[in-house]
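Student: File follows, entry.txt with compact mmCIF, C-alpha atoms and all ligand atoms:
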```txt
# COMPACT_ATOMS: atom_id res chain seq x y z
CA MET A 203 13.59 9.31 -2.18
CA SER A 204 12.66 6.47 -4.48
CA ARG A 205 13.44 5.89 -8.12
CA VAL A 206 10.21 5.52 -10.10
CA ILE A 207 9.66 4.62 -13.76
CA VAL A 208 6.40 5.62 -15.44
CA VAL A 209 5.45 3.67 -18.58
CA GLU A 210 2.45 5.31 -20.25
CA ASP A 211 1.90 6.33 -23.88
CA ASP A 212 -0.73 8.98 -23.13
CA PHE A 213 1.23 12.24 -22.94
CA GLU A 214 -1.04 13.97 -20.44
CA ILE A 215 -1.33 11.08 -18.03
CA ARG A 216 2.40 10.41 -18.26
CA HIS A 217 3.17 14.00 -17.35
CA LEU A 218 0.57 14.16 -14.60
CA VAL A 219 1.97 11.01 -12.97
CA ALA A 220 5.62 12.00 -13.44
CA GLU A 221 5.08 15.50 -12.08
CA THR A 222 3.03 14.33 -9.11
CA LEU A 223 5.73 11.85 -8.11
CA ALA A 224 8.57 14.29 -8.73
CA ARG A 225 6.80 16.82 -6.51
CA GLN A 226 6.76 14.19 -3.76
CA GLY A 227 10.51 14.03 -4.05
CA HIS A 228 10.88 10.90 -6.15
CA ASP A 229 13.42 10.53 -8.90
CA VAL A 230 11.22 9.89 -11.96
CA GLU A 231 12.01 8.53 -15.41
CA SER A 232 9.32 7.96 -18.00
CA ALA A 233 8.78 5.96 -21.15
CA ALA A 234 6.05 6.07 -23.82
CA THR A 235 6.53 2.52 -25.11
CA ALA A 236 6.86 -0.93 -23.53
CA MET A 237 10.31 -1.51 -25.04
CA GLU A 238 11.66 1.80 -23.75
CA GLY A 239 10.12 1.04 -20.36
CA LEU A 240 11.76 -2.38 -20.24
CA ARG A 241 15.12 -0.86 -21.15
CA GLN A 242 14.78 1.62 -18.28
CA VAL A 243 13.68 -1.02 -15.76
CA VAL A 244 16.64 -3.22 -16.62
CA GLY A 245 19.01 -0.25 -16.76
CA SER A 246 18.23 1.66 -13.59
CA SER A 247 16.85 -0.84 -11.04
CA PRO A 248 13.90 1.31 -9.89
CA ASP A 249 12.07 1.09 -6.55
CA LEU A 250 8.68 1.29 -8.25
CA VAL A 251 7.17 1.01 -11.74
CA ILE A 252 3.87 2.64 -12.77
CA LEU A 253 2.69 0.70 -15.80
CA ASP A 254 -0.12 1.46 -18.24
CA LEU A 255 -1.70 -1.70 -19.66
CA GLY A 256 -2.63 -0.17 -23.04
CA LEU A 257 0.71 0.49 -24.74
CA PRO A 258 1.26 0.90 -28.49
CA ASP A 259 3.98 -1.71 -29.09
CA LEU A 260 3.12 -4.42 -26.58
CA ASP A 261 0.33 -5.08 -24.12
CA GLY A 262 1.27 -3.83 -20.64
CA SER A 263 0.50 -7.24 -19.14
CA GLU A 264 3.13 -8.76 -21.48
CA LEU A 265 5.62 -6.15 -20.30
CA LEU A 266 4.68 -6.98 -16.71
CA ARG A 267 5.57 -10.64 -17.33
CA MET A 268 8.89 -9.59 -18.86
CA ILE A 269 9.65 -7.34 -15.89
CA ARG A 270 8.74 -10.18 -13.49
CA ALA A 271 11.20 -12.45 -15.26
CA VAL A 272 14.06 -10.18 -14.24
CA SER A 273 12.92 -8.14 -11.24
CA GLN A 274 10.77 -8.16 -8.10
CA VAL A 275 10.28 -4.37 -8.30
CA PRO A 276 6.82 -3.27 -7.06
CA VAL A 277 4.51 -2.49 -10.01
CA VAL A 278 1.33 -0.39 -9.91
CA VAL A 279 -0.72 -0.96 -13.03
CA ILE A 280 -2.85 1.75 -14.66
CA THR A 281 -5.82 0.28 -16.43
CA ALA A 282 -8.86 1.56 -18.29
CA ARG A 283 -10.33 -1.94 -18.00
CA GLU A 284 -12.71 -2.00 -15.14
CA GLY A 285 -14.19 -5.17 -13.73
CA ASP A 286 -12.99 -7.66 -11.18
CA GLU A 287 -11.80 -10.20 -13.71
CA SER A 288 -9.24 -7.99 -15.39
CA VAL A 289 -8.05 -6.65 -12.03
CA VAL A 290 -7.63 -10.16 -10.65
CA ARG A 291 -5.73 -11.20 -13.82
CA THR A 292 -3.47 -8.18 -13.46
CA LEU A 293 -2.69 -8.90 -9.82
CA ASP A 294 -2.12 -12.58 -10.67
CA ALA A 295 0.30 -11.53 -13.37
CA GLY A 296 2.44 -9.94 -10.69
CA ALA A 297 1.18 -6.38 -10.19
CA ASP A 298 1.26 -5.11 -6.62
CA ASP A 299 -1.63 -2.71 -6.98
CA TYR A 300 -3.68 -0.97 -9.65
CA LEU A 301 -5.39 2.30 -10.55
CA VAL A 302 -8.44 2.47 -12.81
CA LYS A 303 -8.63 5.43 -15.21
CA PRO A 304 -9.69 8.09 -14.61
CA PHE A 305 -7.94 8.37 -11.25
CA SER A 306 -7.22 11.37 -9.05
CA VAL A 307 -3.84 12.64 -7.91
CA ALA A 308 -4.85 11.71 -4.35
CA GLN A 309 -5.54 8.12 -5.41
CA LEU A 310 -2.21 7.93 -7.20
CA GLU A 311 -0.36 9.28 -4.18
CA ALA A 312 -2.13 6.89 -1.80
CA ARG A 313 -1.34 3.83 -3.93
CA VAL A 314 2.30 4.81 -4.40
CA ARG A 315 2.77 5.47 -0.69
CA ALA A 316 1.14 2.17 0.24
CA VAL A 317 3.15 0.09 -2.23
CA LEU A 318 6.46 1.71 -1.31
CA ARG A 319 5.71 1.22 2.37
CA ARG A 320 4.84 -2.45 1.86
CA ALA A 321 8.08 -2.94 -0.06
CA GLU A 322 10.00 -1.17 2.68
CA SER A 323 8.47 -3.22 5.51
CA GLY A 324 9.13 -6.41 3.53
CA ARG A 325 12.82 -5.51 3.55
CA ARG A 326 12.87 -4.70 7.21
CA ASP A 327 14.31 -7.45 9.35
CA GLY A 328 12.56 -8.98 12.29
CA PRO A 329 9.60 -8.07 14.41
CA ILE A 330 8.41 -4.63 15.49
CA VAL A 331 8.45 -4.18 19.27
CA ILE A 332 6.33 -1.54 21.03
CA GLY A 333 6.27 -1.94 24.80
CA GLY A 334 4.98 -5.45 25.50
CA LEU A 335 3.61 -5.80 21.98
CA VAL A 336 5.56 -7.73 19.33
CA VAL A 337 4.39 -7.75 15.69
CA ASP A 338 6.25 -9.88 13.17
CA PRO A 339 5.22 -9.04 9.58
CA SER A 340 7.14 -11.93 8.02
CA SER A 341 5.67 -14.72 10.15
CA ARG A 342 2.39 -12.80 10.60
CA GLU A 343 2.49 -13.46 14.34
CA ALA A 344 1.87 -11.05 17.17
CA SER A 345 2.13 -11.34 20.93
CA LEU A 346 1.33 -9.22 23.95
CA ASP A 347 3.40 -9.55 27.12
CA GLY A 348 4.71 -12.87 25.84
CA GLU A 349 1.26 -14.31 25.10
CA PRO A 350 0.45 -15.02 21.45
CA LEU A 351 -2.47 -12.98 20.07
CA ASP A 352 -5.11 -14.85 18.11
CA LEU A 353 -5.88 -12.35 15.33
CA SER A 354 -7.90 -12.64 12.14
CA PRO A 355 -5.99 -11.73 8.93
CA LYS A 356 -7.62 -8.27 8.82
CA GLU A 357 -6.94 -7.63 12.51
CA PHE A 358 -3.31 -8.59 11.98
CA ASP A 359 -2.97 -6.29 8.96
CA LEU A 360 -4.55 -3.45 10.91
CA LEU A 361 -2.13 -3.99 13.79
CA ARG A 362 0.84 -4.33 11.41
CA VAL A 363 0.06 -1.07 9.57
CA LEU A 364 -0.31 0.78 12.87
CA ALA A 365 2.85 -0.82 14.30
CA GLU A 366 4.90 0.07 11.24
CA ARG A 367 3.89 3.68 11.81
CA ALA A 368 3.93 3.62 15.62
CA GLY A 369 3.49 7.06 17.18
CA GLU A 370 1.97 8.44 13.98
CA VAL A 371 -1.74 9.14 13.52
CA VAL A 372 -3.08 6.97 10.68
CA SER A 373 -6.38 8.07 9.16
CA LYS A 374 -9.26 5.66 8.61
CA ARG A 375 -8.99 6.35 4.87
CA GLU A 376 -5.37 5.23 4.90
CA LEU A 377 -6.36 2.12 6.80
CA MET A 378 -9.10 1.46 4.21
CA ALA A 379 -6.45 1.79 1.50
CA GLU A 380 -3.80 -0.35 3.13
CA VAL A 381 -5.79 -3.04 4.90
CA TRP A 382 -8.91 -3.23 2.71
CA ARG A 383 -7.32 -1.76 -0.41
CA GLU A 384 -10.39 0.43 -0.87
CA PRO A 385 -9.38 4.05 -0.35
CA TYR A 386 -12.43 5.49 -2.06
CA GLY A 387 -15.20 3.02 -1.60
CA GLY A 388 -15.96 0.85 1.31
CA SER A 389 -17.11 1.94 4.67
CA GLU A 390 -15.08 3.36 7.51
CA ARG A 391 -17.46 1.39 9.67
CA SER A 392 -15.40 -1.76 8.91
CA VAL A 393 -12.34 0.01 10.29
CA ASP A 394 -14.22 0.91 13.48
CA VAL A 395 -15.52 -2.62 13.91
CA HIS A 396 -12.11 -4.24 13.40
CA LEU A 397 -10.47 -1.68 15.68
CA SER A 398 -12.89 -2.53 18.45
CA TRP A 399 -12.19 -6.27 18.00
CA LEU A 400 -8.46 -5.59 18.01
CA ARG A 401 -8.84 -3.47 21.16
CA LYS A 402 -10.63 -6.31 22.90
CA LYS A 403 -7.84 -8.75 21.99
CA LEU A 404 -5.29 -6.29 23.32
CA GLY A 405 -7.28 -6.21 26.56
CA GLU A 406 -8.26 -2.57 26.30
CA SER A 407 -11.25 -0.41 25.38
CA ALA A 408 -11.88 2.94 23.72
CA GLN A 409 -12.70 4.31 27.18
CA GLN A 410 -9.52 2.91 28.71
CA PRO A 411 -7.00 2.80 25.88
CA ARG A 412 -3.44 1.61 26.28
CA TYR A 413 -1.85 0.92 22.88
CA LEU A 414 -4.56 2.17 20.53
CA ARG A 415 -5.28 5.88 20.83
CA THR A 416 -8.12 7.43 18.85
CA VAL A 417 -7.47 10.98 17.73
CA HIS A 418 -10.99 12.26 17.11
CA GLY A 419 -11.67 13.44 13.59
CA VAL A 420 -8.18 12.37 12.46
CA GLY A 421 -7.57 8.68 12.98
CA VAL A 422 -5.81 6.29 15.31
CA LYS A 423 -2.26 5.76 16.49
CA LEU A 424 -0.41 2.95 18.18
CA VAL A 425 1.71 4.05 21.13
CA GLU A 426 3.71 2.50 23.92
CA PRO A 427 1.37 2.65 26.92
CA GLU A 428 2.25 4.69 29.96
CA SER A 429 2.93 2.23 32.74
CA CA B 501 -2.38 3.83 -22.98
```
Could the structure of this file be written out as structure tokens, please?
Ligand code: CA

Tutor:
Amino acid sequence: MSRVIVVEDDFEIRHLVAETLARQGHDVESAATAMEGLRQVVGSSPDLVILDLGLPDLDGSELLRMIRAVSQVPVVVITAREGDESVVRTLDAGADDYLVKPFSVAQLEARVRAVLRRAESGRRDGPIVIGGLVVDPSSREASLDGEPLDLSPKEFDLLRVLAERAGEVVSKRELMAEVWREPYGGSERSVDVHLSWLRKKLGESAQQPRYLRTVHGVGVKLVEPES
């Protein structure tokens, strides 16, 4: 269970977000103004903040800067402002991810899960070891049977996400969300292409898998190979 603070002045959106997260088992507090939100963030050291940019008393990006001055808590920004420039500015200002209004409950859930998981893996110490495969998220290095793997940034992220959830089937949509940060656009074809490159570097193929197992119609999972 994580402690989440929702800062949003729109009553309906605030309730939708708070109820969705509470239903997922999170401990949720909410605020309708920037000042109340700041008071809560300082007061209850949350695990995640959902922050609307259009607030009545202060612009959400100002609040984000104030939060960043005191805390490294993950922040997902809600914005009505579409367009790459405002999204890039928001991420530069210290947001971890963003949702553009109107967004669906599924989008909200996916972003929250991804951000909490990233925060969790950042806290985890040391490399992940699965059989002969070693994946170190902090140094972004991976090796197989003691030999360093030469992976592109996307290939590494793909391997890291699968390693963090070893034994679990991860859907291509989730991989789109976590590696490409595009849960609802983009093409699953990129996932397939990068998976096949990753397979090749791991010295295996879809026909003769070892670490990477495709579960047809569901997704892919990383497992310790049978010797
Ligand atoms: Ca608003």

Student: Name the closest residue to A:Thr292 among the candidates A:Val275, A:Leu260, A:Leu253, A:Met203; distances are taken between atoms, counting only C-alpha atoms.

Tutor: A:Leu253

Student: Nearest residue to A:Ile252 out of A:Val208, A:Ile215, A:Leu310, A:Leu293, using only C-alpha atoms?

Tutor: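 Result for the nearest residue to A:Ile252: A:Val208.
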
Student: Using atom CA of A:Asp294 and atom CA of A:Arg342 as the two end points, give the distance in Å to one decimal.

Tutor: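 Computing the Euclidean distance for atom CA of A:Asp294 and atom CA of A:Arg342 yields 21.7 Å.
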
Student: Any idea what's packed within 6 Å of stretch 411-424 of chain A, counting all atoms listed in the file, ignoring anything in its chain fewer than 5 positions away? Could you give it as a PyMOL selection string?

Tutor: chain A and resi 364+368-374+406

Student: Using all atoms listed in the file, find the one residue out of A:Val290, A:Leu361, A:Leu255, A:Val307 that sits nearest to ligand CA 501 (chain B).

Tutor: A:Leu255

Student: Restricting the calculation to all atoms listed in the file, which member of A:Ala297, A:Leu223, A:Val279, A:Leu346 is positioned closest to A:Arg315?

Tutor: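 Smallest distance to A:Arg315 is found for A:Leu223.
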
Student: Grab me every residue within 12 Å of ligand CA 501 (chain B), counting all atoms listed in the file, and send it over as a PyMOL selection string.

Tutor: chain A and resi 208-216+233-236+253-262+279-283+302-304

Student: Between atom CA of A:Val393 and atom CA of A:Ala365, what is the distance in Å, rounded to a tenth?

Tutor: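 Taking atom CA of A:Val393 and atom CA of A:Ala365, their separation equals 15.7 Å.
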
Student: For a test of reading the model, state the distance in Å between atom CA of A:Ser306 and atom CA of A:Glu380, rounded to one decimal.

Tutor: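 Here the two named atoms are 17.2 Å from each other.
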
Student: With only C-alpha atoms as the basis for distance, which of A:Asp338, A:Ser263, A:Ala316, A:Asp347 is at the shortest distance from A:Leu377?

Tutor: A:Ala316

Student: Give me the residues within 12 Å of A:Trp382 as a compact mmCIF listing (two decimals) with C-alpha atoms, keeping the file's coordinate frame, counting all atoms listed in the file and dropping any in the same chain fewer than 4 places off.

Tutor:
```
# COMPACT_ATOMS: atom_id res chain seq x y z
CA ALA A 316 1.14 2.17 0.24
CA PRO A 355 -5.99 -11.73 8.93
CA LYS A 356 -7.62 -8.27 8.82
CA GLU A 357 -6.94 -7.63 12.51
CA ASP A 359 -2.97 -6.29 8.96
CA LEU A 360 -4.55 -3.45 10.91
CA VAL A 363 0.06 -1.07 9.57
CA LYS A 374 -9.26 5.66 8.61
CA ARG A 375 -8.99 6.35 4.87
CA GLU A 376 -5.37 5.23 4.90
CA LEU A 377 -6.36 2.12 6.80
CA MET A 378 -9.10 1.46 4.21
CA TYR A 386 -12.43 5.49 -2.06
CA GLY A 387 -15.20 3.02 -1.60
CA GLY A 388 -15.96 0.85 1.31
CA SER A 389 -17.11 1.94 4.67
CA GLU A 390 -15.08 3.36 7.51
CA ARG A 391 -17.46 1.39 9.67
CA SER A 392 -15.40 -1.76 8.91
CA VAL A 393 -12.34 0.01 10.29
CA HIS A 396 -12.11 -4.24 13.40
```

Student: Could you give me, as a JSON list (two decimals) with C-alpha atoms, in the coordinates of the input, the residues that sit within 10 Å of (7.7, -8.7, 22.9) in the file's coordinates, counting all atoms listed in the file?

Tutor:
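Contents of selection.json, as written:
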```json
[["chain", "number", "residue", "atom", "x", "y", "z"],
["A", 329, "PRO", "CA", 9.60, -8.07, 14.41],
["A", 330, "ILE", "CA", 8.41, -4.63, 15.49],
["A", 331, "VAL", "CA", 8.45, -4.18, 19.27],
["A", 332, "ILE", "CA", 6.33, -1.54, 21.03],
["A", 333, "GLY", "CA", 6.27, -1.94, 24.80],
["A", 334, "GLY", "CA", 4.98, -5.45, 25.50],
["A", 335, "LEU", "CA", 3.61, -5.80, 21.98],
["A", 336, "VAL", "CA", 5.56, -7.73, 19.33],
["A", 337, "VAL", "CA", 4.39, -7.75, 15.69],
["A", 338, "ASP", "CA", 6.25, -9.88, 13.17],
["A", 344, "ALA", "CA", 1.87, -11.05, 17.17],
["A", 345, "SER", "CA", 2.13, -11.34, 20.93],
["A", 346, "LEU", "CA", 1.33, -9.22, 23.95],
["A", 347, "ASP", "CA", 3.40, -9.55, 27.12],
["A", 348, "GLY", "CA", 4.71, -12.87, 25.84],
["A", 349, "GLU", "CA", 1.26, -14.31, 25.10],
["A", 350, "PRO", "CA", 0.45, -15.02, 21.45]]
```
